[in-house]
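Colleague: entry_14.cif is reproduced below (mmCIF, C-alpha atoms).
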data_structure
loop_
_atom_site.group_PDB
_atom_site.id
_atom_site.type_symbol
_atom_site.label_atom_id
_atom_site.label_comp_id
_atom_site.auth_asym_id
_atom_site.auth_seq_id
_atom_site.Cartn_x
_atom_site.Cartn_y
_atom_site.Cartn_z
ATOM 1 C CA MET A 19 -21.016 -9.632 -19.991
ATOM 2 C CA LYS A 20 -18.952 -8.897 -16.907
ATOM 3 C CA LYS A 21 -19.183 -10.946 -13.757
ATOM 4 C CA TRP A 22 -17.613 -9.306 -10.735
ATOM 5 C CA ILE A 23 -16.024 -11.674 -8.213
ATOM 6 C CA PRO A 24 -15.010 -10.140 -4.852
ATOM 7 C CA LEU A 25 -11.791 -11.750 -3.577
ATOM 8 C CA ALA A 26 -10.136 -9.369 -1.178
ATOM 9 C CA LEU A 27 -13.021 -7.660 0.573
ATOM 10 C CA LEU A 28 -13.063 -7.247 4.315
ATOM 11 C CA ALA A 29 -14.961 -9.537 6.662
ATOM 12 C CA ALA A 30 -18.724 -9.886 6.418
ATOM 13 C CA GLY A 31 -20.443 -6.738 7.562
ATOM 14 C CA LEU A 32 -17.376 -4.633 6.728
ATOM 15 C CA THR A 33 -17.546 -4.710 2.933
ATOM 16 C CA LEU A 34 -18.816 -1.142 2.654
ATOM 17 C CA GLY A 35 -22.069 -2.243 1.085
ATOM 18 C CA ALA A 36 -20.498 -3.916 -1.962
ATOM 19 C CA ALA A 37 -22.153 -7.272 -1.390
ATOM 20 C CA SER A 38 -25.707 -5.954 -1.660
ATOM 21 C CA ALA A 39 -24.969 -4.192 -4.940
ATOM 22 C CA GLN A 40 -23.344 -7.299 -6.348
ATOM 23 C CA ALA A 41 -26.302 -9.412 -5.283
ATOM 24 C CA GLN A 42 -28.468 -7.241 -7.504
ATOM 25 C CA ASN A 43 -26.014 -7.880 -10.367
ATOM 26 C CA LYS A 44 -25.486 -4.172 -10.846
ATOM 27 C CA PRO A 45 -22.166 -2.559 -11.709
ATOM 28 C CA THR A 46 -20.618 -0.661 -8.826
ATOM 29 C CA ASN A 47 -18.240 2.268 -8.729
ATOM 30 C CA TRP A 48 -14.974 0.388 -8.743
ATOM 31 C CA GLN A 49 -11.806 1.688 -10.368
ATOM 32 C CA THR A 50 -9.390 -0.354 -12.464
ATOM 33 C CA LEU A 51 -5.824 -0.286 -11.184
ATOM 34 C CA PRO A 52 -3.428 0.678 -14.022
ATOM 35 C CA GLN A 53 -0.991 -2.081 -14.928
ATOM 36 C CA GLN A 54 1.813 0.446 -15.469
ATOM 37 C CA ASP A 55 1.597 1.294 -11.765
ATOM 38 C CA LEU A 56 1.377 -2.288 -10.484
ATOM 39 C CA LEU A 57 4.620 -3.846 -9.259
ATOM 40 C CA TYR A 58 4.451 -7.657 -9.233
ATOM 41 C CA LEU A 59 6.874 -9.369 -6.839
ATOM 42 C CA ASP A 60 7.175 -13.088 -7.546
ATOM 43 C CA THR A 61 8.534 -14.474 -4.272
ATOM 44 C CA ASP A 62 9.228 -18.013 -3.089
ATOM 45 C CA GLN A 63 6.059 -17.638 -0.988
ATOM 46 C CA GLY A 64 3.785 -16.412 -3.806
ATOM 47 C CA THR A 65 3.014 -13.168 -5.604
ATOM 48 C CA LEU A 66 2.706 -9.741 -4.007
ATOM 49 C CA VAL A 67 1.338 -6.769 -5.946
ATOM 50 C CA ILE A 68 2.127 -3.176 -4.995
ATOM 51 C CA LEU A 69 0.194 -0.203 -6.378
ATOM 52 C CA LEU A 70 2.703 2.586 -6.959
ATOM 53 C CA ALA A 71 1.463 6.088 -6.082
ATOM 54 C CA SER A 72 2.910 7.947 -9.048
ATOM 55 C CA GLN A 73 0.561 10.898 -8.422
ATOM 56 C CA PHE A 74 2.080 11.506 -4.968
ATOM 57 C CA ALA A 75 5.722 10.411 -5.148
ATOM 58 C CA PRO A 76 6.561 10.709 -8.857
ATOM 59 C CA ARG A 77 10.356 10.750 -8.525
ATOM 60 C CA HIS A 78 10.446 7.748 -6.217
ATOM 61 C CA VAL A 79 8.017 5.791 -8.363
ATOM 62 C CA GLU A 80 10.088 6.562 -11.455
ATOM 63 C CA ARG A 81 13.219 5.287 -9.658
ATOM 64 C CA VAL A 82 11.442 2.048 -8.682
ATOM 65 C CA LYS A 83 10.172 1.565 -12.228
ATOM 66 C CA GLN A 84 13.642 2.132 -13.686
ATOM 67 C CA LEU A 85 15.211 -0.329 -11.244
ATOM 68 C CA THR A 86 12.499 -2.884 -11.949
ATOM 69 C CA LYS A 87 13.011 -2.664 -15.693
ATOM 70 C CA ALA A 88 16.763 -3.006 -15.174
ATOM 71 C CA GLY A 89 16.263 -6.202 -13.155
ATOM 72 C CA PHE A 90 17.597 -4.702 -9.919
ATOM 73 C CA TYR A 91 15.016 -6.446 -7.722
ATOM 74 C CA ASP A 92 15.362 -9.838 -9.426
ATOM 75 C CA GLY A 93 16.908 -12.235 -6.944
ATOM 76 C CA VAL A 94 16.950 -9.871 -3.955
ATOM 77 C CA SER A 95 15.476 -10.821 -0.601
ATOM 78 C CA PHE A 96 13.493 -9.613 2.388
ATOM 79 C CA TYR A 97 16.532 -9.173 4.621
ATOM 80 C CA ARG A 98 14.992 -7.147 7.467
ATOM 81 C CA VAL A 99 11.617 -8.325 8.739
ATOM 82 C CA ILE A 100 10.148 -7.329 12.096
ATOM 83 C CA GLU A 101 6.911 -8.982 13.159
ATOM 84 C CA GLY A 102 4.064 -6.467 13.341
ATOM 85 C CA PHE A 103 6.162 -3.654 11.877
ATOM 86 C CA VAL A 104 8.067 -3.909 8.603
ATOM 87 C CA ALA A 105 9.288 -6.195 5.808
ATOM 88 C CA GLN A 106 12.236 -4.600 4.010
ATOM 89 C CA PHE A 107 13.640 -5.924 0.752
ATOM 90 C CA GLY A 108 16.522 -5.075 -1.544
ATOM 91 C CA VAL A 109 20.258 -5.467 -1.097
ATOM 92 C CA PRO A 110 21.992 -4.762 2.232
ATOM 93 C CA GLU A 111 24.767 -2.233 1.735
ATOM 94 C CA HIS A 112 27.534 -4.703 2.622
ATOM 95 C CA GLU A 113 26.238 -7.081 -0.069
ATOM 96 C CA TRP A 114 26.115 -4.658 -3.003
ATOM 97 C CA GLY A 115 29.199 -6.150 -4.628
ATOM 98 C CA LYS A 116 29.329 -5.220 -8.317
ATOM 99 C CA ARG A 117 25.904 -3.597 -8.380
ATOM 100 C CA ALA A 118 26.017 -0.014 -9.655
ATOM 101 C CA GLN A 119 26.023 2.593 -6.939
ATOM 102 C CA LEU A 120 22.918 4.747 -7.223
ATOM 103 C CA GLU A 121 22.505 8.380 -6.322
ATOM 104 C CA PRO A 122 20.414 8.954 -3.162
ATOM 105 C CA MET A 123 16.928 10.314 -3.675
ATOM 106 C CA LYS A 124 15.637 13.725 -2.643
ATOM 107 C CA ALA A 125 12.919 12.956 -0.074
ATOM 108 C CA GLU A 126 9.242 13.213 -1.031
ATOM 109 C CA PHE A 127 7.781 13.301 2.460
ATOM 110 C CA SER A 128 4.854 15.591 1.562
ATOM 111 C CA TRP A 129 3.458 17.835 -1.184
ATOM 112 C CA PRO A 130 1.117 20.830 -1.438
ATOM 113 C CA VAL A 131 -2.589 20.038 -1.175
ATOM 114 C CA ARG A 132 -4.163 20.044 -4.640
ATOM 115 C CA PRO A 133 -7.726 21.432 -4.441
ATOM 116 C CA GLY A 134 -8.829 19.480 -7.518
ATOM 117 C CA ASP A 135 -7.952 16.046 -6.115
ATOM 118 C CA ASP A 136 -10.707 13.506 -5.454
ATOM 119 C CA TYR A 137 -10.613 13.766 -1.641
ATOM 120 C CA LEU A 138 -12.882 12.339 1.072
ATOM 121 C CA LEU A 139 -12.520 13.738 4.597
ATOM 122 C CA VAL A 140 -12.452 11.048 7.302
ATOM 123 C CA GLN A 141 -11.378 12.698 10.563
ATOM 124 C CA LYS A 142 -10.842 16.285 11.680
ATOM 125 C CA PRO A 143 -8.900 16.797 13.844
ATOM 126 C CA ASP A 144 -6.780 13.662 13.642
ATOM 127 C CA LEU A 145 -4.526 12.557 16.484
ATOM 128 C CA LEU A 146 -1.354 13.325 14.497
ATOM 129 C CA ALA A 147 -2.514 15.873 11.921
ATOM 130 C CA GLU A 148 -5.117 18.534 11.305
ATOM 131 C CA GLU A 149 -7.161 16.013 9.321
ATOM 132 C CA THR A 150 -7.078 12.692 7.505
ATOM 133 C CA GLY A 151 -8.955 11.358 4.514
ATOM 134 C CA PHE A 152 -8.723 9.380 1.294
ATOM 135 C CA ASN A 153 -7.213 10.807 -1.858
ATOM 136 C CA GLN A 154 -7.776 8.621 -4.919
ATOM 137 C CA GLY A 155 -7.875 5.504 -2.765
ATOM 138 C CA PHE A 156 -4.844 6.268 -0.597
ATOM 139 C CA ALA A 157 -5.102 7.237 3.080
ATOM 140 C CA VAL A 158 -3.591 10.699 3.513
ATOM 141 C CA ALA A 159 -3.144 13.348 6.175
ATOM 142 C CA ARG A 160 -3.271 17.106 5.706
ATOM 143 C CA GLU A 161 -1.948 20.038 7.689
ATOM 144 C CA LYS A 162 -1.013 23.636 6.887
ATOM 145 C CA GLY A 163 -1.526 23.181 3.173
ATOM 146 C CA GLN A 164 0.609 20.027 2.969
ATOM 147 C CA GLU A 165 -0.476 16.433 2.361
ATOM 148 C CA TRP A 166 1.268 13.082 2.847
ATOM 149 C CA LEU A 167 0.540 9.361 2.694
ATOM 150 C CA VAL A 168 -0.354 7.798 6.042
ATOM 151 C CA HIS A 169 1.631 4.720 7.066
ATOM 152 C CA CYS A 170 -1.268 2.299 7.324
ATOM 153 C CA ALA A 171 -0.634 -1.435 7.103
ATOM 154 C CA GLY A 172 0.499 -2.362 3.599
ATOM 155 C CA VAL A 173 1.979 1.039 2.754
ATOM 156 C CA VAL A 174 5.410 0.915 1.089
ATOM 157 C CA ASN A 175 8.196 3.446 1.594
ATOM 158 C CA LEU A 176 11.805 3.897 0.501
ATOM 159 C CA ALA A 177 14.248 2.835 3.214
ATOM 160 C CA ARG A 178 16.854 5.420 4.193
ATOM 161 C CA ALA A 179 19.576 6.261 6.711
ATOM 162 C CA ASN A 180 19.147 8.926 9.411
ATOM 163 C CA GLU A 181 19.493 11.828 6.987
ATOM 164 C CA PRO A 182 16.320 12.568 4.962
ATOM 165 C CA ASP A 183 17.812 12.483 1.445
ATOM 166 C CA THR A 184 19.555 9.112 1.690
ATOM 167 C CA GLY A 185 17.034 6.652 0.267
ATOM 168 C CA VAL A 186 18.409 4.669 -2.678
ATOM 169 C CA ALA A 187 16.592 1.499 -3.708
ATOM 170 C CA ASP A 188 15.434 -0.702 -0.848
ATOM 171 C CA LEU A 189 11.699 -0.766 -0.111
ATOM 172 C CA ALA A 190 9.876 -1.413 3.162
ATOM 173 C CA ILE A 191 6.324 -2.719 3.561
ATOM 174 C CA MET A 192 4.387 -1.830 6.710
ATOM 175 C CA MET A 193 2.987 -4.919 8.436
ATOM 176 C CA GLY A 194 0.390 -5.443 11.136
ATOM 177 C CA GLN A 195 0.035 -2.088 12.837
ATOM 178 C CA ALA A 196 0.080 1.453 11.467
ATOM 179 C CA PRO A 197 3.439 3.063 12.402
ATOM 180 C CA ARG A 198 2.166 6.619 12.132
ATOM 181 C CA HIS A 199 5.403 7.955 13.652
ATOM 182 C CA LEU A 200 6.848 7.411 10.160
ATOM 183 C CA ASP A 201 4.340 9.811 8.594
ATOM 184 C CA LYS A 202 6.128 12.713 6.885
ATOM 185 C CA ASN A 203 9.405 11.124 7.993
ATOM 186 C CA MET A 204 9.640 8.592 5.169
ATOM 187 C CA SER A 205 8.923 8.818 1.450
ATOM 188 C CA ALA A 206 5.848 6.598 1.055
ATOM 189 C CA LEU A 207 5.336 5.569 -2.555
ATOM 190 C CA GLY A 208 2.690 2.847 -2.745
ATOM 191 C CA LYS A 209 0.632 0.164 -1.075
ATOM 192 C CA VAL A 210 0.274 -3.624 -1.208
ATOM 193 C CA VAL A 211 -3.060 -4.378 -2.888
ATOM 194 C CA TRP A 212 -2.736 -8.114 -3.476
ATOM 195 C CA GLY A 213 -1.117 -11.055 -1.693
ATOM 196 C CA GLN A 214 -1.709 -10.372 1.995
ATOM 197 C CA SER A 215 -1.378 -14.090 2.727
ATOM 198 C CA VAL A 216 2.030 -14.027 1.022
ATOM 199 C CA LEU A 217 3.101 -11.117 3.191
ATOM 200 C CA ASN A 218 2.038 -13.122 6.229
ATOM 201 C CA ARG A 219 4.349 -15.984 5.196
ATOM 202 C CA ILE A 220 7.497 -13.898 4.748
ATOM 203 C CA ARG A 221 10.165 -15.227 7.092
ATOM 204 C CA ARG A 222 10.730 -13.006 10.112
ATOM 205 C CA GLY A 223 14.003 -11.898 11.656
ATOM 206 C CA ASP A 224 15.046 -11.737 15.294
ATOM 207 C CA THR A 225 13.752 -8.552 16.903
ATOM 208 C CA GLN A 226 16.867 -8.534 19.101
ATOM 209 C CA GLN A 227 18.861 -8.130 15.874
ATOM 210 C CA GLY A 228 16.640 -5.387 14.516
ATOM 211 C CA GLY A 229 14.871 -7.902 12.294
ATOM 212 C CA VAL A 230 17.963 -8.403 10.118
ATOM 213 C CA ILE A 231 18.320 -11.950 8.758
ATOM 214 C CA SER A 232 22.086 -12.334 8.424
ATOM 215 C CA ASN A 233 21.933 -15.760 6.782
ATOM 216 C CA ALA A 234 20.857 -15.067 3.187
ATOM 217 C CA ALA A 235 19.661 -18.652 2.765
ATOM 218 C CA GLN A 236 17.026 -18.084 5.444
ATOM 219 C CA ARG A 237 15.476 -15.015 3.815
ATOM 220 C CA THR A 238 12.343 -14.916 1.663
ATOM 221 C CA GLN A 239 13.550 -14.487 -1.908
ATOM 222 C CA ILE A 240 12.097 -12.336 -4.676
ATOM 223 C CA LYS A 241 12.567 -14.384 -7.835
ATOM 224 C CA SER A 242 11.523 -11.568 -10.146
ATOM 225 C CA ALA A 243 9.944 -8.111 -10.098
ATOM 226 C CA ARG A 244 7.942 -6.806 -13.056
ATOM 227 C CA LEU A 245 5.615 -3.944 -13.845
ATOM 228 C CA GLY A 246 2.189 -5.163 -14.894
ATOM 229 C CA SER A 247 2.506 -3.351 -18.204
ATOM 230 C CA ASP A 248 5.571 -5.481 -19.013
ATOM 231 C CA LEU A 249 3.768 -8.768 -18.381
ATOM 232 C CA ALA A 250 1.861 -10.781 -20.946
ATOM 233 C CA ALA A 251 -1.886 -10.134 -20.773
ATOM 234 C CA ASP A 252 -2.578 -13.598 -19.362
ATOM 235 C CA LYS A 253 -0.130 -12.948 -16.513
ATOM 236 C CA GLN A 254 -1.726 -9.660 -15.458
ATOM 237 C CA LEU A 255 -4.196 -9.562 -12.581
ATOM 238 C CA PRO A 256 -7.213 -7.377 -13.519
ATOM 239 C CA LEU A 257 -7.351 -5.697 -10.131
ATOM 240 C CA GLU A 258 -9.667 -2.875 -9.138
ATOM 241 C CA TRP A 259 -10.486 -1.144 -5.903
ATOM 242 C CA MET A 260 -13.469 0.727 -4.592
ATOM 243 C CA ASN A 261 -13.777 4.399 -5.444
ATOM 244 C CA THR A 262 -13.214 6.137 -2.102
ATOM 245 C CA SER A 263 -15.343 9.084 -3.213
ATOM 246 C CA GLY A 264 -18.208 6.895 -4.382
ATOM 247 C CA ALA A 265 -21.526 6.291 -2.650
ATOM 248 C CA GLU A 266 -20.712 2.758 -1.475
ATOM 249 C CA PHE A 267 -17.503 3.700 0.286
ATOM 250 C CA THR A 268 -18.868 6.872 1.866
ATOM 251 C CA GLN A 269 -21.973 5.024 3.088
ATOM 252 C CA GLY A 270 -19.832 2.267 4.586
ATOM 253 C CA LEU A 271 -17.641 4.849 6.271
ATOM 254 C CA ALA A 272 -20.709 6.461 7.837
ATOM 255 C CA GLU A 273 -21.905 3.082 9.095
ATOM 256 C CA ARG A 274 -18.565 2.350 10.693
ATOM 257 C CA ARG A 275 -18.557 5.759 12.314
ATOM 258 C CA SER A 276 -22.064 5.409 13.785
ATOM 259 C CA ARG A 277 -21.959 1.636 14.536
ATOM 260 C CA THR A 278 -25.663 1.234 13.939
ATOM 261 C CA HIS A 279 -25.602 -2.591 13.881
ATOM 262 C CA VAL A 280 -27.385 -4.270 16.803
ATOM 263 C CA PHE A 281 -24.136 -6.027 17.736
ATOM 264 C CA TYR A 282 -22.622 -2.790 19.041
ATOM 265 C CA GLN A 283 -23.591 -2.043 22.617
ATOM 266 C CA HIS A 284 -21.118 0.829 22.755
ATOM 267 C CA LYS A 285 -21.547 3.121 19.773
ATOM 268 C CA GLY A 286 -18.300 5.050 20.168
ATOM 269 C CA ASN A 287 -17.939 8.808 19.803
ATOM 270 C CA GLY A 288 -18.072 9.070 16.012
ATOM 271 C CA ASN A 289 -14.327 9.377 15.529
ATOM 272 C CA ILE A 290 -12.531 6.986 13.193
ATOM 273 C CA ASP A 291 -8.922 6.132 12.359
ATOM 274 C CA VAL A 292 -8.177 6.566 8.662
ATOM 275 C CA CYS A 293 -6.226 3.277 8.693
ATOM 276 C CA TYR A 294 -9.256 1.303 9.889
ATOM 277 C CA PRO A 295 -11.449 1.328 6.742
ATOM 278 C CA GLN A 296 -9.134 -0.480 4.340
ATOM 279 C CA VAL A 297 -10.128 0.034 0.702
ATOM 280 C CA PRO A 298 -11.560 -3.217 -0.728
ATOM 281 C CA VAL A 299 -9.733 -4.724 -3.700
ATOM 282 C CA ARG A 300 -11.125 -7.365 -6.014
ATOM 283 C CA LEU A 301 -10.350 -9.260 -9.185
ATOM 284 C CA ALA A 302 -12.580 -8.546 -12.165
ATOM 285 C CA VAL A 303 -13.179 -11.580 -14.349
ATOM 286 C CA THR A 304 -14.647 -11.147 -17.806
ATOM 287 C CA THR A 305 -16.752 -14.053 -19.035
ATOM 288 C CA ALA A 306 -18.375 -14.684 -22.385
ATOM 289 C CA PRO A 307 -22.072 -13.707 -22.642
#
Since I need it in another form, could you write the structure as structure tokens?

Modeller:
Amino acid sequence: MKKWIPLALLAAGLTLGAASAQAQNKPTNWQTLPQQDLLYLDTDQGTLVILLASQFAPRHVERVKQLTKAGFYDGVSFYRVIEGFVAQFGVPEHEWGKRAQLEPMKAEFSWPVRPGDDYLLVQKPDLLAEETGFNQGFAVAREKGQEWLVHCAGVVNLARANEPDTGVADLAIMMGQAPRHLDKNMSALGKVVWGQSVLNRIRRGDTQQGGVISNAAQRTQIKSARLGSDLAADKQLPLEWMNTSGAEFTQGLAERRSRTHVFYQHKGNGNIDVCYPQVPVRLAVTTAP
């Protein structure tokens, strides 16, 4: 018998209807997150888990997986952290030392829209694109036949220099706000799905210094990085998130759009930001019957 325990849902009233279904002890349309696409970061502040978007940025995800398996991210740090914007980890260029120099990556800013994808329209037109929606759980934007991941809070991209095809290995996590000016300007490759409290505890840098923490001893350290599929079964987190094309999510989206609850004196105009309805994530625990 399976007992579903919600751990990372949004605040009461914003759980997209999951609570009522659980109260009836009925299975809901949640999707298991594949361990081969989960990147576990064991930091000195706790564990962060990133869901890699292999279906959208396959080359970048493959690079991250290769580096992870090679131990590249073991012992690195969050060396550039700006409150309300970004937490970047890896190895600053001047600290590479004996580490192998890697070839820069060809950018994966966007890709052609695939008609067969499991897509839910959220807003048309969007402020910064023709439309936005959810594609297999990820917030995306679409315009002129192209699609890209939207830089909502928690989204992870590959850091780069000014030129587009210069990303190598360092990753940046969006924090706090949604820096949509990075959309289609950075290669987004995943999203933090577990450990928000850990992200909140990462030591920040001085904004006057661009968030760079020059003293390595003061940075938040990543003790190890592993793919879920390389962890022992008892070390894996059985994470799942709500199906963004399922009835519960779409109903919750409609409720947020219309603001039917008595609390709302101003009902809005029906528009909604795709970064607002974060996809609920929970831990599935299997118990004996």

Colleague: Within 8 Å of (12.0, -11.3, 0.9) in the file's own coordinates, which protein, DNA or RNA residues have an atom, counting all atoms listed in the file? List them as an NGL selection string.

Modeller: :A and (61 or 94-97 or 105-107 or 220-221 or 237-240)

Colleague: Apply the PyMOL selection byres ((chain A and resi 225-233) around 7) to the file shown and report the selected residues as a ChimeraX atom specification.

Modeller: /A:97-100,222-224,234-237

Colleague: What gap, in Å, lies between CA of Gly134 (chain A) and CA of Leu57 (chain A)?

Modeller: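 Computing it gives 27.0 Å between the two atoms.
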
Colleague: For the structure shown, which residues end up in the PyMOL selection byres ((chain A and resi 153) around 9)? Put them as a PyMOL selection string, please?

Modeller: chain A and resi 135-139+151-152+154-158+262-263

Colleague: How many Å lie between CA of Pro133 (chain A) and CA of Arg160 (chain A), rounded to one decimal?

Modeller: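 We find that CA of Pro133 (chain A) and CA of Arg160 (chain A) lie 11.9 Å from each other.
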
Colleague: Using Å and a single decimal, report how far CA of Pro295 (chain A) sits from CA of Gln283 (chain A).

Modeller: 20.3 Å

Colleague: What lies within 8 Å of region 169-171 of chain A using all atoms listed in the file, ignoring chain neighbours under 4 positions off, as a short mmCIF file (atom, residue, chain, number, x, y, z; two decimals) with C-alpha atoms, in the frame of the given file?

Modeller:
data_model
loop_
_atom_site.label_atom_id
_atom_site.label_comp_id
_atom_site.auth_asym_id
_atom_site.auth_seq_id
_atom_site.Cartn_x
_atom_site.Cartn_y
_atom_site.Cartn_z
CA ALA A 157 -5.10 7.24 3.08
CA ILE A 191 6.32 -2.72 3.56
CA MET A 192 4.39 -1.83 6.71
CA MET A 193 2.99 -4.92 8.44
CA GLY A 194 0.39 -5.44 11.14
CA GLN A 195 0.04 -2.09 12.84
CA ALA A 196 0.08 1.45 11.47
CA PRO A 197 3.44 3.06 12.40
CA ARG A 198 2.17 6.62 12.13
CA LEU A 200 6.85 7.41 10.16
CA ASP A 201 4.34 9.81 8.59
CA ALA A 206 5.85 6.60 1.06
CA CYS A 293 -6.23 3.28 8.69
#

Colleague: Would you mind telling me which residue in A:Gln49, A:Asn218, A:Gln164, A:Ser205 lies nearest to Glu101 (chain A) when using all atoms listed in the file?

Modeller: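 Of the candidates, the smallest distance to Glu101 (chain A) is held by A:Asn218.
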
Colleague: With distances taken over only C-alpha atoms, which residue among A:Asn175, A:Asn203, A:Ser242, A:Gln73 lies nearest Gly93 (chain A)?

Modeller: A:Ser242

Colleague: Once the PyMOL selection byres ((chain A and resi 259) around 7) has been applied to the shown file, what residues remain in the selection, as a PDB file with C-alpha atoms, in the frame of the given file?

Modeller:
ATOM      1  CA  TRP A  48     -14.974   0.388  -8.743  1.00  0.00           C
ATOM      2  CA  GLN A  49     -11.806   1.688 -10.368  1.00  0.00           C
ATOM      3  CA  THR A  50      -9.390  -0.354 -12.464  1.00  0.00           C
ATOM      4  CA  LEU A 257      -7.351  -5.697 -10.131  1.00  0.00           C
ATOM      5  CA  GLU A 258      -9.667  -2.875  -9.138  1.00  0.00           C
ATOM      6  CA  MET A 260     -13.469   0.727  -4.592  1.00  0.00           C
ATOM      7  CA  ASN A 261     -13.777   4.399  -5.444  1.00  0.00           C
ATOM      8  CA  VAL A 297     -10.128   0.034   0.702  1.00  0.00           C
ATOM      9  CA  PRO A 298     -11.560  -3.217  -0.728  1.00  0.00           C
ATOM     10  CA  VAL A 299      -9.733  -4.724  -3.700  1.00  0.00           C
ATOM     11  CA  ARG A 300     -11.125  -7.365  -6.014  1.00  0.00           C
TER      12      ARG A 300
END

Colleague: Would you please work out which residue, of A:Phe90, A:Phe103, A:Trp166, A:Trp212, is nearest to Val186 (chain A) when using only C-alpha atoms?

Modeller: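 Checking each candidate against Val186 (chain A), we get A:Phe90 as the closest.
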